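Data block for run20.txt (compact mmCIF, C-alpha atoms):
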```txt
# COMPACT_ATOMS: atom_id res chain seq x y z
CA MET A 1 -19.30 -8.88 3.04
CA GLY A 2 -16.85 -7.21 0.68
CA ASP A 3 -13.88 -8.86 -0.98
CA ILE A 4 -10.72 -8.82 1.16
CA MET A 5 -7.64 -8.66 -1.08
CA ILE A 6 -4.24 -9.17 0.54
CA GLY A 7 -0.80 -8.34 -0.81
CA THR A 8 2.41 -6.41 -0.19
CA CYS A 9 3.71 -2.93 -0.93
CA SER A 10 6.27 -4.10 -3.48
CA TRP A 11 7.26 -7.11 -5.52
CA THR A 12 10.63 -5.62 -6.54
CA ASP A 13 12.11 -4.56 -3.19
CA PRO A 14 15.80 -5.60 -3.21
CA ALA A 15 15.48 -7.23 0.21
CA LEU A 16 12.65 -9.43 -1.06
CA VAL A 17 14.45 -10.26 -4.30
CA SER A 18 17.55 -11.37 -2.38
CA SER A 19 15.59 -13.30 0.27
CA GLY A 20 15.06 -16.46 -1.79
CA TRP A 21 11.29 -16.04 -2.00
CA TYR A 22 11.36 -16.07 -5.79
CA PRO A 23 12.11 -19.56 -7.12
CA ARG A 24 14.86 -20.30 -9.59
CA GLY A 25 13.71 -19.64 -13.12
CA ARG A 26 11.44 -16.76 -12.06
CA ARG A 27 13.92 -14.15 -10.94
CA ASP A 28 13.95 -11.84 -13.94
CA ALA A 29 11.55 -8.89 -14.11
CA GLU A 30 8.81 -10.80 -15.90
CA GLY A 31 9.20 -13.97 -13.86
CA ARG A 32 9.05 -12.14 -10.53
CA LEU A 33 5.77 -10.41 -11.31
CA ARG A 34 4.18 -13.54 -12.75
CA HIS A 35 5.23 -15.52 -9.68
CA TYR A 36 3.96 -12.84 -7.31
CA ALA A 37 0.61 -12.70 -9.14
CA ASP A 38 0.32 -16.48 -8.76
CA GLN A 39 0.39 -15.99 -4.98
CA PHE A 40 -1.50 -12.75 -4.36
CA PRO A 41 -4.28 -10.79 -6.11
CA LEU A 42 -2.98 -7.34 -5.12
CA VAL A 43 0.25 -5.35 -4.97
CA GLU A 44 1.20 -1.76 -4.30
CA VAL A 45 3.56 0.06 -6.65
CA ASP A 46 5.76 2.33 -4.55
CA SER A 47 8.30 3.23 -7.26
CA THR A 48 5.78 5.71 -8.69
CA TYR A 49 6.29 7.88 -5.60
CA TYR A 50 10.00 8.26 -6.35
CA GLY A 51 9.73 8.80 -10.10
CA LEU A 52 7.07 9.25 -12.76
CA PRO A 53 5.85 5.91 -14.11
CA SER A 54 5.86 5.01 -17.79
CA ALA A 55 3.02 3.77 -19.96
CA ARG A 56 5.33 1.03 -21.26
CA ASN A 57 5.83 -0.42 -17.78
CA SER A 58 2.12 -0.17 -17.02
CA ALA A 59 1.34 -2.11 -20.19
CA LEU A 60 3.88 -4.80 -19.27
CA TRP A 61 2.46 -5.09 -15.75
CA ALA A 62 -1.03 -5.56 -17.16
CA GLU A 63 0.21 -8.15 -19.65
CA ARG A 64 2.00 -10.19 -16.98
CA THR A 65 -0.89 -10.44 -14.51
CA PRO A 66 -4.23 -12.26 -14.69
CA ASP A 67 -7.70 -10.77 -14.90
CA GLY A 68 -8.81 -9.60 -11.47
CA PHE A 69 -5.32 -8.65 -10.32
CA ARG A 70 -5.03 -5.13 -8.88
CA PHE A 71 -2.20 -2.60 -8.69
CA ASP A 72 -2.55 0.11 -6.05
CA VAL A 73 -0.26 2.93 -7.18
CA LYS A 74 1.37 5.51 -4.93
CA ALA A 75 1.03 9.07 -6.20
CA PHE A 76 4.24 10.78 -7.30
CA SER A 77 5.92 12.83 -4.56
CA LEU A 78 5.30 16.20 -6.23
CA LEU A 79 1.58 15.42 -6.29
CA THR A 80 1.44 14.80 -2.53
CA GLY A 81 3.42 17.83 -1.32
CA HIS A 82 6.66 15.97 -0.59
CA PRO A 83 10.13 17.20 -1.58
CA THR A 84 10.98 15.99 -5.07
CA ARG A 85 14.45 15.48 -6.52
CA PRO A 86 15.06 17.01 -9.96
CA ALA A 87 16.34 13.63 -11.17
CA ALA A 88 12.89 12.17 -10.49
CA LEU A 89 11.46 14.23 -13.35
CA PRO A 90 12.08 14.02 -17.09
CA ALA A 91 14.88 16.34 -18.17
CA ASP A 92 12.55 18.84 -19.84
CA LEU A 93 10.69 19.47 -16.55
CA ARG A 94 13.70 19.88 -14.27
CA PRO A 95 14.24 23.63 -14.82
CA ALA A 96 10.70 24.36 -13.63
CA LEU A 97 11.27 22.21 -10.55
CA ALA A 98 14.51 24.04 -9.80
CA ARG A 99 12.63 27.36 -9.85
CA TYR A 100 10.06 25.91 -7.44
CA GLY A 101 12.71 24.86 -4.93
CA GLY A 102 10.59 22.15 -3.33
CA THR A 103 9.75 23.94 -0.07
CA ARG A 104 6.75 23.03 2.04
CA ARG A 105 5.22 26.49 1.89
CA THR A 106 5.67 27.30 -1.78
CA PRO A 107 3.33 25.45 -4.15
CA PRO A 108 4.82 24.19 -7.42
CA ASP A 109 4.46 26.22 -10.57
CA PRO A 110 0.89 25.55 -11.81
CA ALA A 111 2.10 24.74 -15.32
CA LEU A 112 4.59 22.22 -13.93
CA LEU A 113 1.93 20.63 -11.75
CA ASP A 114 -0.47 20.41 -14.69
CA GLU A 115 2.14 18.68 -16.83
CA VAL A 116 3.16 16.23 -14.09
CA TRP A 117 -0.48 15.31 -13.49
CA HIS A 118 -0.95 14.81 -17.24
CA ARG A 119 2.06 12.51 -17.56
CA PHE A 120 1.21 10.58 -14.40
CA ALA A 121 -2.33 9.94 -15.64
CA ALA A 122 -1.18 8.98 -19.13
CA ALA A 123 1.31 6.49 -17.70
CA LEU A 124 -1.41 4.73 -15.69
CA GLN A 125 -3.87 4.54 -18.58
CA PRO A 126 -2.80 1.02 -19.70
CA LEU A 127 -3.59 -0.26 -16.20
CA ARG A 128 -6.99 1.44 -16.29
CA ASP A 129 -7.74 0.09 -19.76
CA ALA A 130 -6.89 -3.45 -18.63
CA GLY A 131 -8.95 -3.19 -15.43
CA ARG A 132 -5.82 -3.60 -13.31
CA LEU A 133 -5.71 -0.22 -11.54
CA GLY A 134 -6.93 -0.66 -7.99
CA ALA A 135 -6.48 2.72 -6.33
CA VAL A 136 -4.11 5.65 -6.39
CA LEU A 137 -2.71 6.23 -2.90
CA PHE A 138 -2.10 9.77 -1.70
CA GLN A 139 0.19 9.44 1.31
CA LEU A 140 0.34 12.94 2.75
CA PRO A 141 3.45 14.18 4.59
CA PRO A 142 3.58 14.43 8.40
CA TRP A 143 3.51 18.23 8.24
CA ALA A 144 0.18 18.25 6.37
CA ALA A 145 -1.89 19.14 9.42
CA PRO A 146 -5.68 19.52 9.42
CA GLY A 147 -6.69 22.82 7.89
CA PRO A 148 -8.25 24.54 4.88
CA ARG A 149 -5.10 24.34 2.74
CA VAL A 150 -4.94 20.54 2.82
CA ARG A 151 -8.70 20.25 2.39
CA ALA A 152 -8.50 22.40 -0.74
CA PHE A 153 -5.62 20.26 -1.97
CA LEU A 154 -7.69 17.08 -1.63
CA GLU A 155 -10.60 18.71 -3.43
CA GLU A 156 -8.25 19.60 -6.29
CA CYS A 157 -6.96 16.01 -6.41
CA ARG A 158 -10.51 14.75 -6.74
CA VAL A 159 -11.15 17.05 -9.71
CA ARG A 160 -7.90 16.12 -11.43
CA ALA A 161 -8.42 12.39 -10.89
CA GLU A 162 -12.08 12.18 -11.83
CA GLY A 163 -13.12 8.56 -12.25
CA TRP A 164 -10.17 7.11 -10.30
CA ARG A 165 -10.45 5.35 -6.98
CA LEU A 166 -8.37 7.43 -4.56
CA ALA A 167 -7.16 6.48 -1.09
CA VAL A 168 -5.70 8.92 1.44
CA GLU A 169 -3.23 8.09 4.20
CA PHE A 170 -2.69 10.91 6.67
CA ARG A 171 0.69 10.88 8.39
CA HIS A 172 -0.25 13.76 10.70
CA PRO A 173 -2.09 12.17 13.66
CA GLY A 174 -4.35 15.19 14.06
CA TRP A 175 -6.66 14.17 11.22
CA TRP A 176 -8.09 11.25 13.17
CA ALA A 177 -7.91 12.89 16.60
CA GLU A 178 -11.26 13.14 18.37
CA ALA A 179 -11.74 16.83 17.54
CA GLU A 180 -11.18 16.29 13.79
CA ARG A 181 -12.40 12.75 13.27
CA ALA A 182 -15.97 13.48 12.14
CA GLY A 183 -14.87 16.31 9.87
CA THR A 184 -12.14 14.18 8.28
CA ALA A 185 -14.56 11.34 7.63
CA ALA A 186 -17.08 13.77 6.12
CA LEU A 187 -14.39 15.34 3.92
CA LEU A 188 -13.19 12.03 2.48
CA GLY A 189 -16.71 10.67 2.18
CA GLY A 190 -17.90 13.76 0.34
CA LEU A 191 -15.01 13.46 -2.11
CA GLY A 192 -15.51 9.73 -2.62
CA MET A 193 -12.03 8.99 -1.25
CA ALA A 194 -11.13 5.88 0.72
CA SER A 195 -9.58 6.23 4.14
CA VAL A 196 -6.39 4.30 4.90
CA ALA A 197 -6.05 2.58 8.26
CA VAL A 198 -2.50 1.83 9.36
CA ASP A 199 -0.64 -0.41 11.76
CA THR A 200 2.43 1.23 13.30
CA ALA A 201 4.31 1.06 16.58
CA PRO A 202 2.08 2.46 19.34
CA GLY A 203 3.11 5.04 21.90
CA LEU A 204 5.51 7.09 19.75
CA ALA A 205 5.23 10.79 18.91
CA GLY A 206 4.37 9.96 15.31
CA SER A 207 2.19 6.93 16.01
CA LEU A 208 -1.07 6.73 14.10
CA THR A 209 -4.39 5.36 15.27
CA PRO A 210 -5.42 2.03 13.74
CA ASP A 211 -9.11 2.83 14.22
CA VAL A 212 -10.16 4.71 11.10
CA PRO A 213 -13.74 4.82 9.76
CA VAL A 214 -14.62 3.54 6.31
CA THR A 215 -15.33 6.57 4.11
CA SER A 216 -16.03 4.98 0.73
CA ARG A 217 -18.50 2.24 -0.04
CA ALA A 218 -16.29 1.12 -2.93
CA LEU A 219 -12.98 0.68 -1.12
CA SER A 220 -11.15 0.64 2.19
CA VAL A 221 -7.38 0.26 2.57
CA VAL A 222 -5.28 -1.10 5.45
CA ARG A 223 -1.49 -0.75 5.36
CA PHE A 224 0.80 -2.58 7.80
CA HIS A 225 4.02 -0.61 8.29
CA GLY A 226 5.47 -2.79 11.05
CA ARG A 227 5.96 -1.89 14.69
CA SER A 228 9.56 -0.75 14.79
CA ARG A 229 10.42 1.66 17.59
CA ASP A 230 12.40 3.60 14.97
CA TRP A 231 9.17 4.57 13.17
CA GLY A 232 9.53 8.17 12.02
CA THR A 233 13.19 8.55 13.01
CA GLY A 234 15.41 5.80 11.59
CA THR A 235 16.53 4.77 8.14
CA LYS A 236 14.03 3.13 5.81
CA GLU A 237 15.33 -0.28 6.85
CA ASP A 238 15.04 0.59 10.54
CA ARG A 239 11.58 2.16 10.25
CA PHE A 240 10.00 -0.84 8.56
CA ARG A 241 12.01 -3.68 10.11
CA HIS A 242 9.43 -5.86 11.81
CA GLY A 243 8.27 -9.45 11.68
CA TYR A 244 4.58 -9.69 12.53
CA THR A 245 3.51 -12.34 15.00
CA ILE A 246 0.35 -14.33 14.49
CA GLY A 247 -1.03 -12.64 17.59
CA GLU A 248 -0.42 -9.17 16.14
CA LEU A 249 -2.18 -10.14 12.93
CA ARG A 250 -5.14 -11.63 14.81
CA GLU A 251 -5.64 -8.27 16.55
CA TRP A 252 -6.66 -6.86 13.18
CA LEU A 253 -9.23 -9.47 12.20
CA PRO A 254 -12.24 -7.67 13.76
CA ARG A 255 -11.22 -4.39 12.12
CA VAL A 256 -10.63 -5.95 8.71
CA ARG A 257 -14.00 -7.72 8.83
CA THR A 258 -15.73 -4.51 9.90
CA HIS A 259 -14.18 -2.75 6.92
CA ALA A 260 -15.37 -5.58 4.67
CA ASP A 261 -18.91 -5.18 6.02
CA ARG A 262 -18.86 -1.53 4.91
CA ALA A 263 -16.88 -1.54 1.66
CA THR A 264 -17.06 -3.60 -1.52
CA GLU A 265 -13.29 -4.15 -1.51
CA VAL A 266 -10.74 -4.06 1.30
CA HIS A 267 -7.08 -3.86 0.29
CA VAL A 268 -4.74 -5.19 2.99
CA LEU A 269 -1.10 -4.39 2.23
CA PHE A 270 2.10 -5.20 4.11
CA ASN A 271 4.90 -2.64 4.03
CA ASN A 272 7.30 -4.22 6.56
CA CYS A 273 9.91 -4.50 3.83
CA CYS A 274 12.76 -6.48 5.36
CA GLY A 275 13.70 -9.70 3.64
CA ASP A 276 10.59 -11.73 2.91
CA ALA A 277 8.78 -10.56 6.06
CA ALA A 278 6.03 -8.78 4.12
CA VAL A 279 5.09 -11.73 1.91
CA ARG A 280 5.20 -14.11 4.85
CA ALA A 281 2.95 -11.84 6.91
CA ALA A 282 0.57 -11.52 3.95
CA GLU A 283 0.42 -15.31 3.63
CA ALA A 284 -0.30 -15.66 7.34
CA MET A 285 -3.00 -12.98 7.27
CA ARG A 286 -4.60 -14.64 4.26
CA GLY A 287 -4.89 -17.84 6.26
CA LEU A 288 -6.38 -16.03 9.25
CA VAL A 289 -8.92 -14.09 7.19
CA GLY A 290 -10.16 -17.32 5.65
CA HIS A 291 -11.34 -18.60 9.03
CA THR A 292 -13.68 -17.37 11.72
CA ALA A 293 -12.19 -15.87 14.86
CA GLU A 294 -13.47 -18.88 16.83
CA GLU A 295 -11.80 -21.41 14.53
CA PRO A 296 -8.00 -21.00 14.47
CA PRO A 297 -6.65 -21.72 10.98
CA ARG A 298 -4.65 -24.87 10.42
CA SER A 299 -1.10 -24.74 9.18
CA GLY A 300 -0.97 -24.12 5.44
CA ALA A 301 -4.55 -22.87 5.09
CA HIS A 302 -4.82 -19.93 2.73
CA GLY A 303 -8.27 -18.44 2.45
CA ASN A 304 -9.14 -15.65 0.04
CA GLY A 305 -6.07 -16.11 -2.15
CA PRO A 306 -6.04 -16.72 -5.88
CA ALA A 307 -8.36 -19.60 -6.69
CA GLY A 308 -6.86 -23.05 -6.37
CA HIS A 309 -3.72 -22.07 -4.47
CA THR A 310 -2.63 -23.85 -1.32
CA SER A 311 0.51 -23.64 0.78
CA SER A 312 2.25 -26.17 -1.45
CA ASP A 313 1.56 -23.97 -4.49
CA THR A 314 3.42 -21.03 -2.96
CA LYS A 315 6.76 -22.70 -2.29
CA GLY A 316 9.55 -22.44 -4.79
CA PRO A 317 12.45 -24.90 -4.78
CA ASP A 318 14.55 -22.69 -2.48
CA ARG A 319 11.69 -21.08 -0.60
CA ARG A 320 11.73 -20.99 3.19
CA ASP A 321 8.63 -22.49 4.76
CA ALA A 322 5.79 -20.04 5.30
CA PRO A 323 4.85 -19.43 8.93
CA SER A 324 2.23 -21.67 10.42
CA ALA A 325 -0.95 -19.82 11.31
CA SER A 326 -1.88 -22.37 13.96
CA GLY A 327 0.57 -21.42 16.67
CA THR A 328 0.00 -19.88 20.06
CA GLY A 329 -0.04 -16.31 18.82
CA THR A 330 3.62 -15.61 19.49
CA GLN A 331 5.13 -17.04 16.33
CA GLU A 332 7.01 -14.36 14.40
CA VAL A 333 7.47 -13.89 10.69
CA SER A 334 11.22 -13.78 10.07
CA CYS A 335 12.89 -10.43 9.50
CA PRO A 336 16.68 -10.53 9.17
CA ASN A 337 18.81 -8.04 11.06
```

Target format structure tokens, applied to this file:
Amino acid sequence: MGDIMIGTCSWTDPALVSSGWYPRGRRDAEGRLRHYADQFPLVEVDSTYYGLPSARNSALWAERTPDGFRFDVKAFSLLTGHPTRPAALPADLRPALARYGGTRRTPPDPALLDEVWHRFAAALQPLRDAGRLGAVLFQLPPWAAPGPRVRAFLEECRVRAEGWRLAVEFRHPGWWAEAERAGTAALLGGLGMASVAVDTAPGLAGSLTPDVPVTSRALSVVRFHGRSRDWGTGTKEDRFRHGYTIGELREWLPRVRTHADRATEVHVLFNNCCGDAAVRAAEAMRGLVGHTAEEPPRSGAHGNGPAGHTSSDTKGPDRRDAPSASGTGTQEVSCPN
């Protein structure tokens, strides 16, 4: 069975920082990352979607985390076909972006795209050199429907990111619909790209299937976005406001274990970014994964976390108690309104 690594989609989200999860004395930039890395072996960097990363920050992240820690990095918005604000680019690249206009149908200027790819790759090099880069996540926009244009785009990404582990999250539900499922799996598998399975609210127009095949022997990714009924329509806070119950997490155990049977690493990431809900859900899932489905985990059990850590290790002096994983299946991870 592959290694199941569990973490969250940010360690710097303002709601998490203000929640009290970080103990006193570890609330500056360095202290937060070191504390987070004491609790989890994996984190996703989402700030790289909103602005180009810097090599300096990558070097600091590598320095402040132990061997074996992994950063999954979201690809910059211009590289995934999303609208990009001029302020997200360095000043010398903004005129070229202004000429592009950022429409869905008009591809960016090739020279601009080449330069953005170059700077993005250079900024991540310290993480690669230190063995800290997990995967680069390409989260495609909802309007990126199945078709030759998007397939060609993914092929180009593979060429540009030769040697990287790439993961692809489709936001258009058509990619994993029955008619496209086999072709999508073959496309990603042929490109050596990992599929991303997601947990979202079911029954909505933009809902995504949780049942996604493993397409890379090296890696599979699962992202928990929460089950808000405002998924796809509300503000960021509304879309991701959800506290996972133990029962909801248990639903995923068979899928996660199936992924681990087929991939060397499985990255399980929580994106329900409201207060400390994501870290609490990650802690609860870690406890569940460390036990068989027939043996409910006891309160405070944390399997598959950093070696030597128990529930008492993860509590700072002002930390709220982590949720027990031994309840009836209806216990909810707190998520403030």

Residue neighbourhood Ala260 in chain A, 12 Å, only C-alpha atoms, exclusion window fewer than 4 positions, as an NGL selection string: :A and (1-5 or 213-214 or 216-222 or 253-256 or 264-268 or 289)

| task | Go ahead and compute the interatomic distance for CA of Gly247 in chain A and CA of Asn272 in chain A, in Å to one decimal. | result |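 These two atoms are separated by 16.2 Å.
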
Between CA of Trp143 in chain A and CA of Pro173 in chain A, what distance in Å does the model show, to one decimal?
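CA of Pro173 in chain A lies at a distance of 9.9 Å from CA of Trp143 in chain A.
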
CA of Glu30 in chain A to CA of Ala59 in chain A measures 12.2 Å

Min atom-atom distance to Tyr22 in chain A from the set A:Leu166, A:Val279, A:Ala179, A:Leu249, counting all atoms listed in the file, belongs to A:Val279

Would you kindly identify which residues have an atom no farther than 7 Å from (12.7, 19.3, -9.8), using only C-alpha atoms and the file's own coordinates, and write them out as an MDAnalysis selection string? chainID A and resid 84:87 89 94:98

Can you tell me which residues surround Arg27 in chain A at a distance of at most 12 Å, considering only C-alpha atoms, apart from same-chain residues fewer than 5 positions away, and format the answer as a PyMOL selection string?
chain A and resi 11-12+14+16-22+32-36+316

Please report, as a Markdown table, each residue of range 45-85 of chain A lying at most 12 Å from range 150-164 of chain A, together with the nearest pair of atoms and the separation in Å rounded to one decimal; use all atoms listed in the file, and order rows by chain and ascending residue number.
```
| residue | atom | partner | partner_atom | distance |
| --- | --- | --- | --- | --- |
| A:Asp72 | CA | A:Trp164 | CA | 11.2 |
| A:Val73 | CA | A:Trp164 | CA | 11.2 |
| A:Ala75 | CA | A:Cys157 | CA | 10.6 |
| A:Leu79 | CA | A:Cys157 | CA | 8.6 |
| A:Thr80 | CA | A:Phe153 | CA | 8.9 |
| A:Gly81 | CA | A:Phe153 | CA | 9.4 |
```

**Item:** Residue with smallest distance to Ala167 in chain A - pool A:Cys9, A:Ala182, A:Ala194, A:Cys274, counting only C-alpha atoms
**Value:**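 That would be A:Ala194, the residue with the smallest distance to Ala167 in chain A.
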